[in-house]
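Engineer: Take a look at upload-v3.cif, mmCIF, C-alpha atoms:
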```cif
data_structure
loop_
_atom_site.group_PDB
_atom_site.id
_atom_site.type_symbol
_atom_site.label_atom_id
_atom_site.label_comp_id
_atom_site.auth_asym_id
_atom_site.auth_seq_id
_atom_site.Cartn_x
_atom_site.Cartn_y
_atom_site.Cartn_z
ATOM 1 C CA MET I 1 -8.088 37.224 208.367
ATOM 2 C CA ASP I 2 -5.806 40.210 208.982
ATOM 3 C CA ALA I 3 -6.436 43.025 211.440
ATOM 4 C CA MET I 4 -7.417 45.594 208.811
ATOM 5 C CA ASN I 5 -10.020 43.238 207.358
ATOM 6 C CA LYS I 6 -11.503 42.640 210.809
ATOM 7 C CA ASN I 7 -11.500 46.347 211.493
ATOM 8 C CA LYS I 8 -13.440 47.112 208.323
ATOM 9 C CA GLN I 9 -15.889 44.247 208.854
ATOM 10 C CA LEU I 10 -16.736 45.385 212.362
ATOM 11 C CA LEU I 11 -17.042 48.986 211.213
ATOM 12 C CA LEU I 12 -19.378 47.943 208.433
ATOM 13 C CA ILE I 13 -21.592 45.925 210.784
ATOM 14 C CA LEU I 14 -21.956 48.918 213.071
ATOM 15 C CA MET I 15 -22.621 51.278 210.169
ATOM 16 C CA LEU I 16 -25.325 48.956 208.876
ATOM 17 C CA SER I 17 -26.980 48.953 212.291
ATOM 18 C CA VAL I 18 -27.236 52.753 212.254
ATOM 19 C CA LEU I 19 -30.148 52.811 209.814
ATOM 20 C CA THR I 20 -31.816 49.509 210.751
ATOM 21 C CA THR I 21 -34.432 51.271 212.863
ATOM 22 C CA MET I 22 -35.196 53.686 210.041
ATOM 23 C CA VAL I 23 -35.845 51.053 207.383
ATOM 24 C CA ALA I 24 -37.023 48.004 209.318
ATOM 25 C CA SER I 25 -40.658 49.092 209.522
ATOM 26 C CA TYR I 26 -40.902 50.484 205.998
ATOM 27 C CA ASN I 27 -40.796 49.256 202.458
ATOM 28 C CA VAL I 28 -37.732 50.970 200.989
ATOM 29 C CA PRO I 29 -37.692 50.430 197.212
ATOM 30 C CA ALA I 30 -34.574 52.426 196.315
ATOM 31 C CA VAL I 31 -31.319 53.925 197.596
ATOM 32 C CA PHE I 32 -29.712 57.143 196.344
ATOM 33 C CA SER I 33 -26.093 57.691 197.359
ATOM 34 C CA PHE I 34 -23.938 60.827 197.299
ATOM 35 C CA GLY I 35 -20.309 60.963 198.344
ATOM 36 C CA ASP I 36 -16.728 59.928 197.672
ATOM 37 C CA SER I 37 -14.755 56.672 197.416
ATOM 38 C CA ILE I 38 -16.528 55.156 200.431
ATOM 39 C CA PHE I 39 -19.733 55.087 198.341
ATOM 40 C CA ASP I 40 -18.599 55.256 194.688
ATOM 41 C CA ALA I 41 -19.967 52.292 192.701
ATOM 42 C CA GLY I 42 -17.869 53.100 189.636
ATOM 43 C CA ASN I 43 -18.782 56.557 188.357
ATOM 44 C CA ASN I 44 -15.149 57.562 187.873
ATOM 45 C CA ARG I 45 -14.687 54.573 185.570
ATOM 46 C CA PHE I 46 -16.994 56.259 183.051
ATOM 47 C CA LYS I 47 -15.151 59.602 183.118
ATOM 48 C CA LYS I 48 -12.300 59.601 180.628
ATOM 49 C CA ASP I 49 -10.826 62.776 182.133
ATOM 50 C CA CYS I 50 -10.802 61.381 185.686
ATOM 51 C CA THR I 51 -7.412 60.271 186.998
ATOM 52 C CA ILE I 52 -8.688 58.722 190.251
ATOM 53 C CA GLN I 53 -9.563 55.181 189.233
ATOM 54 C CA ALA I 54 -10.117 51.719 190.703
ATOM 55 C CA ASN I 55 -10.417 49.794 187.441
ATOM 56 C CA PHE I 56 -7.573 47.386 188.173
ATOM 57 C CA THR I 57 -6.762 44.613 190.637
ATOM 58 C CA PRO I 58 -6.851 44.074 193.589
ATOM 59 C CA TYR I 59 -10.027 46.154 193.510
ATOM 60 C CA GLY I 60 -13.078 43.904 193.290
ATOM 61 C CA GLN I 61 -11.182 40.662 193.695
ATOM 62 C CA ASN I 62 -13.087 39.145 196.636
ATOM 63 C CA TYR I 63 -16.756 39.614 195.803
ATOM 64 C CA PHE I 64 -17.268 40.581 192.162
ATOM 65 C CA HIS I 65 -14.014 38.844 191.176
ATOM 66 C CA HIS I 66 -13.118 41.705 188.855
ATOM 67 C CA PRO I 67 -12.695 45.482 189.166
ATOM 68 C CA THR I 68 -16.011 47.355 189.130
ATOM 69 C CA GLY I 69 -14.768 50.864 189.810
ATOM 70 C CA ARG I 70 -15.447 50.491 193.528
ATOM 71 C CA PHE I 71 -12.540 51.472 195.771
ATOM 72 C CA THR I 72 -12.712 48.219 197.697
ATOM 73 C CA ASN I 73 -11.937 44.549 197.208
ATOM 74 C CA GLY I 74 -15.649 43.813 197.610
ATOM 75 C CA ARG I 75 -18.832 45.723 198.312
ATOM 76 C CA THR I 76 -19.366 49.277 199.532
ATOM 77 C CA VAL I 77 -21.594 50.441 202.380
ATOM 78 C CA PRO I 78 -24.522 51.288 200.031
ATOM 79 C CA ASP I 79 -24.183 47.794 198.541
ATOM 80 C CA PHE I 80 -24.722 46.240 201.942
ATOM 81 C CA PHE I 81 -27.723 48.445 202.616
ATOM 82 C CA CYS I 82 -29.255 47.296 199.346
ATOM 83 C CA GLN I 83 -28.743 43.655 200.196
ATOM 84 C CA PHE I 84 -30.191 44.254 203.654
ATOM 85 C CA LEU I 85 -33.245 45.820 202.006
ATOM 86 C CA GLY I 86 -33.507 43.054 199.423
ATOM 87 C CA ILE I 87 -33.037 45.260 196.346
ATOM 88 C CA ASP I 88 -30.501 45.152 193.526
ATOM 89 C CA LEU I 89 -27.264 47.099 193.829
ATOM 90 C CA GLN I 90 -27.396 50.592 192.350
ATOM 91 C CA LYS I 91 -25.715 51.406 189.076
ATOM 92 C CA PRO I 92 -23.387 54.392 188.874
ATOM 93 C CA PHE I 93 -25.238 57.392 187.446
ATOM 94 C CA LEU I 94 -22.866 57.732 184.486
ATOM 95 C CA GLN I 95 -23.364 54.096 183.527
ATOM 96 C CA ALA I 96 -27.153 54.380 183.746
ATOM 97 C CA ALA I 97 -27.094 57.611 181.713
ATOM 98 C CA MET I 98 -24.904 56.025 179.033
ATOM 99 C CA GLU I 99 -27.246 53.042 178.725
ATOM 100 C CA VAL I 100 -30.264 55.338 178.349
ATOM 101 C CA ASN I 101 -28.508 57.543 175.800
ATOM 102 C CA ASN I 102 -27.395 54.500 173.787
ATOM 103 C CA ASN I 103 -30.922 53.041 173.864
ATOM 104 C CA LYS I 104 -29.710 50.042 175.854
ATOM 105 C CA SER I 105 -32.219 50.915 178.556
ATOM 106 C CA GLN I 106 -35.639 52.540 178.316
ATOM 107 C CA GLY I 107 -35.255 54.419 181.573
ATOM 108 C CA TYR I 108 -33.293 54.928 184.750
ATOM 109 C CA PRO I 109 -33.276 52.153 187.378
ATOM 110 C CA SER I 110 -36.181 52.012 189.820
ATOM 111 C CA ASN I 111 -33.967 50.753 192.661
ATOM 112 C CA GLY I 112 -32.036 54.034 192.986
ATOM 113 C CA ILE I 113 -28.828 55.497 191.601
ATOM 114 C CA ASN I 114 -25.304 55.949 192.915
ATOM 115 C CA PHE I 115 -23.968 59.463 192.245
ATOM 116 C CA ALA I 116 -20.803 59.206 194.371
ATOM 117 C CA SER I 117 -17.384 60.011 192.908
ATOM 118 C CA ALA I 118 -14.124 58.877 194.506
ATOM 119 C CA GLY I 119 -11.746 61.704 195.362
ATOM 120 C CA SER I 120 -14.519 64.293 195.424
ATOM 121 C CA GLY I 121 -15.536 66.596 198.242
ATOM 122 C CA VAL I 122 -18.259 68.921 199.372
ATOM 123 C CA ILE I 123 -16.134 71.835 198.143
ATOM 124 C CA ASN I 124 -16.162 72.157 194.347
ATOM 125 C CA ALA I 125 -12.439 72.834 194.089
ATOM 126 C CA THR I 126 -11.382 69.635 195.861
ATOM 127 C CA ASN I 127 -9.429 67.505 193.346
ATOM 128 C CA ALA I 128 -11.183 69.341 190.508
ATOM 129 C CA ASP I 129 -8.055 69.019 188.372
ATOM 130 C CA GLU I 130 -8.379 65.235 188.585
ATOM 131 C CA GLY I 131 -11.800 65.126 186.969
ATOM 132 C CA VAL I 132 -13.919 64.061 189.946
ATOM 133 C CA MET I 133 -17.572 65.012 190.449
ATOM 134 C CA PRO I 134 -18.103 67.144 193.581
ATOM 135 C CA ILE I 135 -21.257 66.979 195.666
ATOM 136 C CA HIS I 136 -22.743 69.964 193.819
ATOM 137 C CA GLN I 137 -22.404 68.147 190.489
ATOM 138 C CA GLN I 138 -23.835 64.952 191.958
ATOM 139 C CA LEU I 139 -26.796 66.945 193.242
ATOM 140 C CA ASP I 140 -27.257 68.628 189.863
ATOM 141 C CA GLN I 141 -27.384 65.216 188.197
ATOM 142 C CA PHE I 142 -30.154 64.131 190.554
ATOM 143 C CA LYS I 143 -32.043 67.406 190.102
ATOM 144 C CA LEU I 144 -31.857 67.064 186.325
ATOM 145 C CA LEU I 145 -33.382 63.596 186.406
ATOM 146 C CA MET I 146 -36.165 64.862 188.647
ATOM 147 C CA SER I 147 -36.873 67.862 186.400
ATOM 148 C CA GLN I 148 -37.090 65.531 183.410
ATOM 149 C CA ASN I 149 -39.444 63.173 185.284
ATOM 150 C CA ARG I 150 -36.915 60.359 184.896
ATOM 151 C CA ILE I 151 -37.443 59.391 188.553
ATOM 152 C CA ASP I 152 -40.880 58.905 190.085
ATOM 153 C CA LYS I 153 -41.547 61.404 192.884
ATOM 154 C CA LYS I 154 -43.427 58.831 194.965
ATOM 155 C CA LEU I 155 -40.397 56.555 194.703
ATOM 156 C CA VAL I 156 -38.167 59.328 196.044
ATOM 157 C CA GLN I 157 -40.380 59.845 199.084
ATOM 158 C CA GLN I 158 -40.072 56.166 199.995
ATOM 159 C CA SER I 159 -36.366 55.881 199.243
ATOM 160 C CA LEU I 160 -33.289 55.988 201.445
ATOM 161 C CA PHE I 161 -30.745 58.768 200.819
ATOM 162 C CA LEU I 162 -27.156 58.243 201.966
ATOM 163 C CA PHE I 163 -24.411 60.881 202.256
ATOM 164 C CA GLU I 164 -20.726 60.601 203.179
ATOM 165 C CA SER I 165 -18.136 63.167 202.094
ATOM 166 C CA GLY I 166 -15.527 65.577 203.430
ATOM 167 C CA SER I 167 -12.360 63.536 203.968
ATOM 168 C CA ASN I 168 -10.746 64.739 200.770
ATOM 169 C CA ASP I 169 -11.591 68.370 201.498
ATOM 170 C CA ILE I 170 -9.908 68.323 204.889
ATOM 171 C CA PHE I 171 -6.926 66.254 203.776
ATOM 172 C CA ASN I 172 -6.318 68.624 200.858
ATOM 173 C CA PHE I 173 -6.541 71.620 203.202
ATOM 174 C CA PHE I 174 -3.111 70.593 204.498
ATOM 175 C CA ILE I 175 -1.462 69.992 201.103
ATOM 176 C CA PRO I 176 1.051 72.858 200.840
ATOM 177 C CA PHE I 177 0.613 73.730 197.160
ATOM 178 C CA GLU I 178 -1.563 76.730 197.883
ATOM 179 C CA THR I 179 -2.102 78.879 200.958
ATOM 180 C CA PRO I 180 -5.661 78.329 202.281
ATOM 181 C CA THR I 181 -7.885 81.380 201.918
ATOM 182 C CA LEU I 182 -9.859 80.380 205.023
ATOM 183 C CA ASP I 183 -8.764 79.378 208.501
ATOM 184 C CA PRO I 184 -9.639 75.810 209.639
ATOM 185 C CA ASP I 185 -12.853 76.779 211.438
ATOM 186 C CA ALA I 186 -14.128 78.875 208.529
ATOM 187 C CA PHE I 187 -13.259 76.108 206.078
ATOM 188 C CA VAL I 188 -15.253 73.554 208.066
ATOM 189 C CA ASP I 189 -18.160 75.988 208.302
ATOM 190 C CA ALA I 190 -18.090 76.342 204.507
ATOM 191 C CA MET I 191 -18.189 72.549 204.192
ATOM 192 C CA LEU I 192 -21.162 72.297 206.537
ATOM 193 C CA ALA I 193 -22.993 74.968 204.564
ATOM 194 C CA GLU I 194 -22.671 72.775 201.470
ATOM 195 C CA VAL I 195 -24.027 69.765 203.350
ATOM 196 C CA GLY I 196 -26.946 71.811 204.604
ATOM 197 C CA TYR I 197 -27.672 72.938 201.050
ATOM 198 C CA LEU I 198 -27.635 69.333 199.826
ATOM 199 C CA ILE I 199 -30.141 68.275 202.464
ATOM 200 C CA ASP I 200 -32.391 71.245 201.694
ATOM 201 C CA GLN I 201 -32.365 70.444 197.980
ATOM 202 C CA ILE I 202 -33.031 66.717 198.206
ATOM 203 C CA TYR I 203 -35.784 67.430 200.762
ATOM 204 C CA GLN I 204 -37.453 69.824 198.345
ATOM 205 C CA LEU I 205 -37.301 67.068 195.733
ATOM 206 C CA GLY I 206 -39.045 64.623 198.064
ATOM 207 C CA ALA I 207 -36.349 62.927 200.166
ATOM 208 C CA ARG I 208 -37.661 61.970 203.600
ATOM 209 C CA ARG I 209 -35.257 59.271 204.847
ATOM 210 C CA ILE I 210 -31.692 60.491 205.103
ATOM 211 C CA GLY I 211 -28.552 58.888 206.492
ATOM 212 C CA ILE I 212 -25.562 61.161 207.176
ATOM 213 C CA PHE I 213 -22.234 59.480 207.968
ATOM 214 C CA SER I 214 -19.468 61.222 209.868
ATOM 215 C CA LEU I 215 -15.827 61.005 208.823
ATOM 216 C CA GLY I 216 -13.303 58.681 210.376
ATOM 217 C CA PRO I 217 -10.003 59.934 211.878
ATOM 218 C CA VAL I 218 -8.461 61.066 208.597
ATOM 219 C CA GLY I 219 -5.500 62.435 210.537
ATOM 220 C CA CYS I 220 -4.513 58.833 211.268
ATOM 221 C CA VAL I 221 -4.389 57.536 207.678
ATOM 222 C CA PRO I 222 -0.895 56.570 206.452
ATOM 223 C CA ALA I 223 -1.064 59.212 203.712
ATOM 224 C CA ARG I 224 -0.610 61.890 206.398
ATOM 225 C CA ALA I 225 3.095 60.959 206.391
ATOM 226 C CA LEU I 226 3.354 62.397 202.868
ATOM 227 C CA LEU I 227 2.601 65.879 204.161
ATOM 228 C CA PRO I 228 5.799 67.843 204.853
ATOM 229 C CA GLY I 229 6.667 68.039 208.526
ATOM 230 C CA GLU I 230 3.679 66.049 209.714
ATOM 231 C CA PRO I 231 3.900 63.145 212.211
ATOM 232 C CA VAL I 232 4.803 59.670 211.029
ATOM 233 C CA THR I 233 4.505 57.710 214.286
ATOM 234 C CA LYS I 234 1.291 59.302 215.537
ATOM 235 C CA CYS I 235 -1.916 60.803 214.210
ATOM 236 C CA PHE I 236 -2.035 64.333 212.815
ATOM 237 C CA GLY I 237 -3.833 66.222 215.583
ATOM 238 C CA LYS I 238 -4.668 69.387 213.624
ATOM 239 C CA MET I 239 -6.369 67.367 210.898
ATOM 240 C CA ASN I 240 -8.384 65.301 213.351
ATOM 241 C CA LYS I 241 -9.444 68.488 215.133
ATOM 242 C CA MET I 242 -11.007 69.695 211.894
ATOM 243 C CA ILE I 243 -12.619 66.292 211.380
ATOM 244 C CA LYS I 244 -14.180 66.430 214.849
ATOM 245 C CA LYS I 245 -15.564 69.925 214.265
ATOM 246 C CA TYR I 246 -17.033 68.825 210.929
ATOM 247 C CA ASN I 247 -18.555 65.710 212.481
ATOM 248 C CA LYS I 248 -20.078 67.734 215.299
ATOM 249 C CA GLY I 249 -21.586 70.044 212.719
ATOM 250 C CA LEU I 250 -23.024 67.085 210.812
ATOM 251 C CA GLU I 251 -24.588 65.739 213.990
ATOM 252 C CA THR I 252 -26.120 69.141 214.719
ATOM 253 C CA ILE I 253 -27.587 69.242 211.208
ATOM 254 C CA VAL I 254 -29.082 65.774 211.665
ATOM 255 C CA MET I 255 -30.556 66.680 215.062
ATOM 256 C CA GLY I 256 -32.227 69.700 213.506
ATOM 257 C CA VAL I 257 -33.792 67.922 210.533
ATOM 258 C CA PRO I 258 -37.160 67.147 212.226
ATOM 259 C CA LEU I 259 -37.576 70.869 212.991
ATOM 260 C CA THR I 260 -36.263 72.347 209.754
ATOM 261 C CA HIS I 261 -37.606 69.663 207.414
ATOM 262 C CA PRO I 262 -41.041 68.492 208.622
ATOM 263 C CA GLY I 263 -41.799 64.870 207.858
ATOM 264 C CA ALA I 264 -38.166 63.897 207.295
ATOM 265 C CA VAL I 265 -36.189 61.386 209.335
ATOM 266 C CA ALA I 266 -32.403 61.688 209.539
ATOM 267 C CA VAL I 267 -29.860 59.429 211.224
ATOM 268 C CA TYR I 268 -26.248 60.211 212.105
ATOM 269 C CA GLY I 269 -23.603 57.494 211.650
ATOM 270 C CA ALA I 270 -20.825 58.052 214.216
ATOM 271 C CA VAL I 271 -17.977 56.509 212.213
ATOM 272 C CA TYR I 272 -15.195 58.428 213.986
ATOM 273 C CA ASP I 273 -16.175 57.096 217.400
ATOM 274 C CA ILE I 274 -16.373 53.541 216.102
ATOM 275 C CA VAL I 275 -12.925 53.612 214.513
ATOM 276 C CA GLN I 276 -11.358 55.172 217.613
ATOM 277 C CA ARG I 277 -12.950 52.445 219.728
ATOM 278 C CA PHE I 278 -11.228 49.819 217.588
ATOM 279 C CA ARG I 279 -7.907 51.605 217.989
ATOM 280 C CA ALA I 280 -8.278 52.107 221.751
ATOM 281 C CA ILE I 281 -9.314 48.557 222.696
ATOM 282 C CA PRO I 282 -8.535 46.354 219.670
ATOM 283 C CA GLN I 283 -8.444 43.161 221.762
ATOM 284 C CA ARG I 284 -12.171 43.440 222.357
ATOM 285 C CA TYR I 285 -12.784 42.975 218.625
ATOM 286 C CA GLY I 286 -10.371 40.162 217.821
ATOM 287 C CA ASN I 287 -6.654 39.677 217.228
ATOM 288 C CA PHE I 288 -5.254 43.036 216.168
ATOM 289 C CA SER I 289 -1.600 42.333 216.904
ATOM 290 C CA ASP I 290 -0.497 44.182 213.764
ATOM 291 C CA LEU I 291 -2.826 47.156 214.189
ATOM 292 C CA HIS I 292 -0.981 50.460 214.021
ATOM 293 C CA PRO I 293 -2.223 54.036 214.267
ATOM 294 C CA GLY I 294 -4.142 54.859 211.154
ATOM 295 C CA GLY I 295 -6.204 53.056 208.589
ATOM 296 C CA SER I 296 -6.279 52.648 204.855
ATOM 297 C CA ARG I 297 -5.039 55.509 202.744
ATOM 298 C CA ILE I 298 -7.877 57.565 201.302
ATOM 299 C CA ARG I 299 -7.254 56.326 197.773
ATOM 300 C CA GLN I 300 -6.089 52.829 198.593
ATOM 301 C CA PRO I 301 -8.550 49.910 198.654
ATOM 302 C CA HIS I 302 -11.132 50.078 201.414
ATOM 303 C CA VAL I 303 -11.159 46.521 202.724
ATOM 304 C CA VAL I 304 -14.840 45.706 202.703
ATOM 305 C CA VAL I 305 -16.121 42.208 201.949
#
```
Rewrite the coordinates I just gave you, this time as structure tokens.

Structural biologist:
Amino acid sequence: MDAMNKNKQLLLILMLSVLTTMVASYNVPAVFSFGDSIFDAGNNRFKKDCTIQANFTPYGQNYFHHPTGRFTNGRTVPDFFCQFLGIDLQKPFLQAAMEVNNNKSQGYPSNGINFASAGSGVINATNADEGVMPIHQQLDQFKLLMSQNRIDKKLVQQSLFLFESGSNDIFNFFIPFETPTLDPDAFVDAMLAEVGYLIDQIYQLGARRIGIFSLGPVGCVPARALLPGEPVTKCFGKMNKMIKKYNKGLETIVMGVPLTHPGAVAVYGAVYDIVQRFRAIPQRYGNFSDLHPGGSRIRQPHVVV
């Protein structure tokens, strides 16, 4: 097993442990996921105008044995949560909608829905020209189903809601095609405002169990070397500074949920800290002789088994 595979396995184990306390004492019948390629179960595959795809090998080769639209060779984090909870894996929203519209299904799945779209962000403009579905659109899809009574409200109250997004927003902030209209701090604040809005909206629709995952050190991904003038042999400090500010804001939002959203439980997944721990003391987690600064490129396969 190579170092990257071990890294991702250990990260996944720790991420799974984050919400164990939340779900262990409850019957959780469904999972609803919002986010980017870390969570996407194949929504982009059903968008003909979307250029960010994972419908070819080696994606899917180790678990499903064929591409599923997931940006991994196996399962995603929501998939593992579902298996931990003993429920079926969620279908991508666009697949479920197509089956309902074509009369192949009488209704939407009762085990939850995956709304995530690879390449998307919490800012609407992020990769918009590539046909992805930003968080706002994912939220609108969920709200529409609720307004049409396609999802049982009691089910929503018992379900687990997962969110992970922001890497693409911050990475794209440094792409020199356009001059940013906001400074880094203001941009992160705008991102956090969108996350806060998402939580407010899903809470109003009945969500009471919410898992918010921080971002990893995006400034260490190999793709940073494609940015003009940025470091090749070390991590991109300015990018990671934005990531840290965003993560701190996410943690603050999570800490405030019990006060601002009575009856809700929220958990913060400290992904950044976990990844940095692997990089700082790799020998503690196995043989990482070929581990270099960075991780998988944002749009390359996430090695999850």

Engineer: What are the closest atom pairs, with distances in Å to one decimal, for all residues of range 103-154 of chain I lying within 12 Å of range 28-41 of chain I? Consider only C-alpha atoms, order rows by chain and residue number, and present the result as a tab-separated table.

Structural biologist:
```
residue	atom	partner	partner_atom	distance
I:Tyr108	CA	I:Ala30	CA	11.9
I:Pro109	CA	I:Ala30	CA	9.0
I:Ser110	CA	I:Ala30	CA	6.7
I:Asn111	CA	I:Ala30	CA	4.1
I:Gly112	CA	I:Ala30	CA	4.5
I:Ile113	CA	I:Phe32	CA	5.1
I:Asn114	CA	I:Ser33	CA	4.8
I:Phe115	CA	I:Phe34	CA	5.2
I:Ala116	CA	I:Gly35	CA	4.4
I:Ser117	CA	I:Asp36	CA	4.8
I:Ala118	CA	I:Ser37	CA	3.7
I:Gly119	CA	I:Asp36	CA	5.8
I:Ser120	CA	I:Asp36	CA	5.4
I:Gly121	CA	I:Asp36	CA	6.8
I:Val122	CA	I:Gly35	CA	8.3
I:Ile123	CA	I:Gly35	CA	11.6
I:Thr126	CA	I:Asp36	CA	11.2
I:Asn127	CA	I:Asp36	CA	11.4
I:Val132	CA	I:Asp36	CA	9.2
I:Met133	CA	I:Asp36	CA	8.9
I:Pro134	CA	I:Gly35	CA	8.1
I:Ile135	CA	I:Gly35	CA	6.7
I:His136	CA	I:Phe34	CA	9.9
I:Gln137	CA	I:Phe34	CA	10.1
I:Gln138	CA	I:Phe34	CA	6.7
I:Leu139	CA	I:Phe34	CA	7.9
I:Asp140	CA	I:Phe34	CA	11.3
I:Gln141	CA	I:Phe34	CA	10.7
I:Phe142	CA	I:Phe32	CA	9.1
I:Ile151	CA	I:Ala30	CA	10.8
I:Asp152	CA	I:Ala30	CA	11.0
I:Lys153	CA	I:Ala30	CA	11.9
I:Lys154	CA	I:Pro29	CA	10.4
```

Engineer: Find the distance between CA of Glu194 in chain I and CA of Ala54 in chain I and write it in Å to one decimal.

Structural biologist: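 Interatomic distance, CA of Glu194 in chain I to CA of Ala54 in chain I: 26.8 Å.
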
Engineer: If we count only C-alpha atoms and set the cut-off at 12 Å, which residues sit around Pro184 in chain I, ignoring sequence neighbours fewer than 5 positions away in its own chain? Please answer as JSON, numbers by chain.

Structural biologist: {"I": [169, 170, 171, 172, 173, 174, 179, 189, 190, 191, 238, 239, 240, 241, 242, 243, 244, 245, 246]}

Engineer: Hey, could you pull the box centre and edge lengths for range 76-79 of chain I, axis-aligned, 6 Å padding per side, all listed atoms, to one decimal in Å, as lines of an AutoDock Vina configuration file?

Structural biologist:
```
center_x = -21.9
center_y = 49.5
center_z = 200.5
size_x = 17.2
size_y = 15.5
size_z = 15.8
```

Engineer: Apply the PyMOL selection byres ((chain I and resi 42) around 6) to the structure shown and report the selected residues as a list of chain:residue names.

Structural biologist: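 Output from the PyMOL selection byres ((chain I and resi 42) around 6), applied to this file: I:Asp40, I:Ala41, I:Asn43, I:Asn44, I:Arg45, I:Gly69, I:Arg70, I:Pro92.
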
Engineer: Please, could N, CA, C and O atoms be added to range 273-287 of chain I and the result written as a PDB file, keeping the file's coordinate frame?

Structural biologist:
```
ATOM      1  N   ASP I 273     -16.173  57.725 216.084  1.00  0.00           N
ATOM      2  CA  ASP I 273     -16.175  57.096 217.400  1.00  0.00           C
ATOM      3  C   ASP I 273     -15.941  55.592 217.295  1.00  0.00           C
ATOM      4  O   ASP I 273     -15.248  55.002 218.132  1.00  0.00           O
ATOM      5  N   ILE I 274     -16.516  54.978 216.279  1.00  0.00           N
ATOM      6  CA  ILE I 274     -16.373  53.541 216.102  1.00  0.00           C
ATOM      7  C   ILE I 274     -14.921  53.179 215.800  1.00  0.00           C
ATOM      8  O   ILE I 274     -14.349  52.259 216.395  1.00  0.00           O
ATOM      9  N   VAL I 275     -14.313  53.897 214.879  1.00  0.00           N
ATOM     10  CA  VAL I 275     -12.925  53.612 214.513  1.00  0.00           C
ATOM     11  C   VAL I 275     -11.991  53.826 215.706  1.00  0.00           C
ATOM     12  O   VAL I 275     -11.084  53.020 215.959  1.00  0.00           O
ATOM     13  N   GLN I 276     -12.202  54.903 216.453  1.00  0.00           N
ATOM     14  CA  GLN I 276     -11.358  55.172 217.613  1.00  0.00           C
ATOM     15  C   GLN I 276     -11.523  54.096 218.686  1.00  0.00           C
ATOM     16  O   GLN I 276     -10.580  53.780 219.416  1.00  0.00           O
ATOM     17  N   ARG I 277     -12.713  53.533 218.776  1.00  0.00           N
ATOM     18  CA  ARG I 277     -12.950  52.445 219.728  1.00  0.00           C
ATOM     19  C   ARG I 277     -12.119  51.223 219.349  1.00  0.00           C
ATOM     20  O   ARG I 277     -11.538  50.551 220.200  1.00  0.00           O
ATOM     21  N   PHE I 278     -12.057  50.938 218.048  1.00  0.00           N
ATOM     22  CA  PHE I 278     -11.228  49.819 217.588  1.00  0.00           C
ATOM     23  C   PHE I 278      -9.765  50.054 217.941  1.00  0.00           C
ATOM     24  O   PHE I 278      -9.049  49.145 218.343  1.00  0.00           O
ATOM     25  N   ARG I 279      -9.313  51.286 217.748  1.00  0.00           N
ATOM     26  CA  ARG I 279      -7.907  51.605 217.989  1.00  0.00           C
ATOM     27  C   ARG I 279      -7.575  51.595 219.476  1.00  0.00           C
ATOM     28  O   ARG I 279      -6.479  51.221 219.877  1.00  0.00           O
ATOM     29  N   ALA I 280      -8.533  52.007 220.318  1.00  0.00           N
ATOM     30  CA  ALA I 280      -8.278  52.107 221.751  1.00  0.00           C
ATOM     31  C   ALA I 280      -8.272  50.746 222.438  1.00  0.00           C
ATOM     32  O   ALA I 280      -7.439  50.491 223.320  1.00  0.00           O
ATOM     33  N   ILE I 281      -9.207  49.875 222.060  1.00  0.00           N
ATOM     34  CA  ILE I 281      -9.314  48.557 222.696  1.00  0.00           C
ATOM     35  C   ILE I 281      -9.462  47.482 221.627  1.00  0.00           C
ATOM     36  O   ILE I 281     -10.488  46.809 221.536  1.00  0.00           O
ATOM     37  N   PRO I 282      -8.432  47.304 220.792  1.00  0.00           N
ATOM     38  CA  PRO I 282      -8.535  46.354 219.670  1.00  0.00           C
ATOM     39  C   PRO I 282      -8.784  44.920 220.114  1.00  0.00           C
ATOM     40  O   PRO I 282      -9.432  44.156 219.392  1.00  0.00           O
ATOM     41  N   GLN I 283      -8.297  44.543 221.309  1.00  0.00           N
ATOM     42  CA  GLN I 283      -8.444  43.161 221.762  1.00  0.00           C
ATOM     43  C   GLN I 283      -9.896  42.763 221.969  1.00  0.00           C
ATOM     44  O   GLN I 283     -10.237  41.586 221.917  1.00  0.00           O
ATOM     45  N   ARG I 284     -10.750  43.744 222.168  1.00  0.00           N
ATOM     46  CA  ARG I 284     -12.171  43.440 222.357  1.00  0.00           C
ATOM     47  C   ARG I 284     -12.816  42.965 221.061  1.00  0.00           C
ATOM     48  O   ARG I 284     -13.852  42.309 221.071  1.00  0.00           O
ATOM     49  N   TYR I 285     -12.185  43.281 219.927  1.00  0.00           N
ATOM     50  CA  TYR I 285     -12.784  42.975 218.625  1.00  0.00           C
ATOM     51  C   TYR I 285     -12.018  41.912 217.849  1.00  0.00           C
ATOM     52  O   TYR I 285     -12.245  41.729 216.665  1.00  0.00           O
ATOM     53  N   GLY I 286     -11.110  41.215 218.505  1.00  0.00           N
ATOM     54  CA  GLY I 286     -10.371  40.162 217.821  1.00  0.00           C
ATOM     55  C   GLY I 286      -8.881  40.342 217.979  1.00  0.00           C
ATOM     56  O   GLY I 286      -8.399  41.115 218.812  1.00  0.00           O
ATOM     57  N   ASN I 287      -8.107  39.627 217.170  1.00  0.00           N
ATOM     58  CA  ASN I 287      -6.654  39.677 217.228  1.00  0.00           C
ATOM     59  C   ASN I 287      -6.136  40.785 216.329  1.00  0.00           C
ATOM     60  O   ASN I 287      -6.076  40.633 215.118  1.00  0.00           O
TER      61      ASN I 287
END
```
